[in-house]
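Reviewing the structure listed below.
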Amino acid sequence: MPKKRRNGGRSKKNRGHTQGVPCTHCGRIVPKDKAIKRYTVRNMVDASSLRDIKDNRAFENFSIPKLYTKLQYCISCGIHLRVVRVRNHEVRRSRAPPVRVFRKEEERKVVVAN
């Protein structure tokens, strides 16, 4: 039978079994090495509330804490939520890391200034 992926969709090389982790979206138990993992850092409050808090704070150099979350998705939810995309046969064979998109600091400052 032909093989679809070189690694079988997992990063388990010489291990027999890996721990299961629950999917963040649906709760399905998926092997830890197969799960799609994303680490997000967000502000606890939205931008408009953050501005109000900064205007009315008692301590000048107080920083508002951030929310650090590790999201782990099963394959179905990762595709459904467009965290990962389905790729065709040629692109799937590519071993190069995906292109990372960085937003420039100048564009951010222009958006905040307006």
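Each chain in the structure tokens gets a letter, A, B, ..., in the order shown, and its residues are numbered from 1; ligands are numbered from 1 in order too.
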
Excluding stretch 68-77 of chain A and residues on its chain fewer than 6 positions from it, collect all residues at most 12 Å away from it, counting only C-alpha atoms, and give them as a tab-separated table (two decimals) with C-alpha atoms, in the first residue's frame.
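Everything below was put into out10.tsv:
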chain	number	residue	atom	x	y	z
A	9	GLY	CA	1.72	12.16	10.21
A	10	ARG	CA	3.55	11.87	13.53
A	20	GLY	CA	-2.61	11.60	24.56
A	21	VAL	CA	-3.62	15.26	24.85
A	22	PRO	CA	-7.13	16.72	24.48
A	23	CYS	CA	-7.93	18.87	21.47
A	24	THR	CA	-8.56	22.49	22.49
A	25	HIS	CA	-11.53	22.79	20.15
A	26	CYS	CA	-13.46	19.51	20.33
A	27	GLY	CA	-11.93	17.58	23.25
A	28	ARG	CA	-10.82	14.56	21.22
A	29	ILE	CA	-7.79	12.76	22.65
A	30	VAL	CA	-5.00	12.94	20.06
A	31	PRO	CA	-1.41	11.66	20.42
A	32	LYS	CA	0.91	14.43	21.64
A	33	ASP	CA	3.30	14.03	18.72
A	34	LYS	CA	0.47	14.17	16.16
A	35	ALA	CA	-1.33	17.19	17.61
A	36	ILE	CA	-1.02	20.57	15.90
A	37	LYS	CA	0.52	22.82	18.53
A	38	ARG	CA	0.40	26.62	18.62
A	39	TYR	CA	1.64	28.87	21.44
A	40	THR	CA	-0.18	32.20	21.68
A	41	VAL	CA	0.57	35.31	23.72
A	42	ARG	CA	-2.30	37.79	24.00
A	43	ASN	CA	-3.15	40.80	26.11
A	44	MET	CA	-5.70	40.17	28.87
A	83	VAL	CA	-4.60	26.54	11.41
A	84	VAL	CA	-3.06	24.24	8.80
A	85	ARG	CA	-4.03	23.80	5.16
A	86	VAL	CA	-4.36	20.78	2.92

Pull the helix (DSSP H, G or I) assignments for chain A out of DSSP run on the backbone, and list those residues as number ranges by chain. A: 47-55, 75-80, 89-92, 105-113

Measure the distance from atom CA of A:Thr18 to atom CA of A:Arg5 in Å and round it to one decimal. 19.0 Å

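If only C-alpha atoms are the atoms counted, then among A:Ser94, A:Ile64, A:Arg82, A:Asn14 the closest residue to A:Ala47 is A:Ile64.
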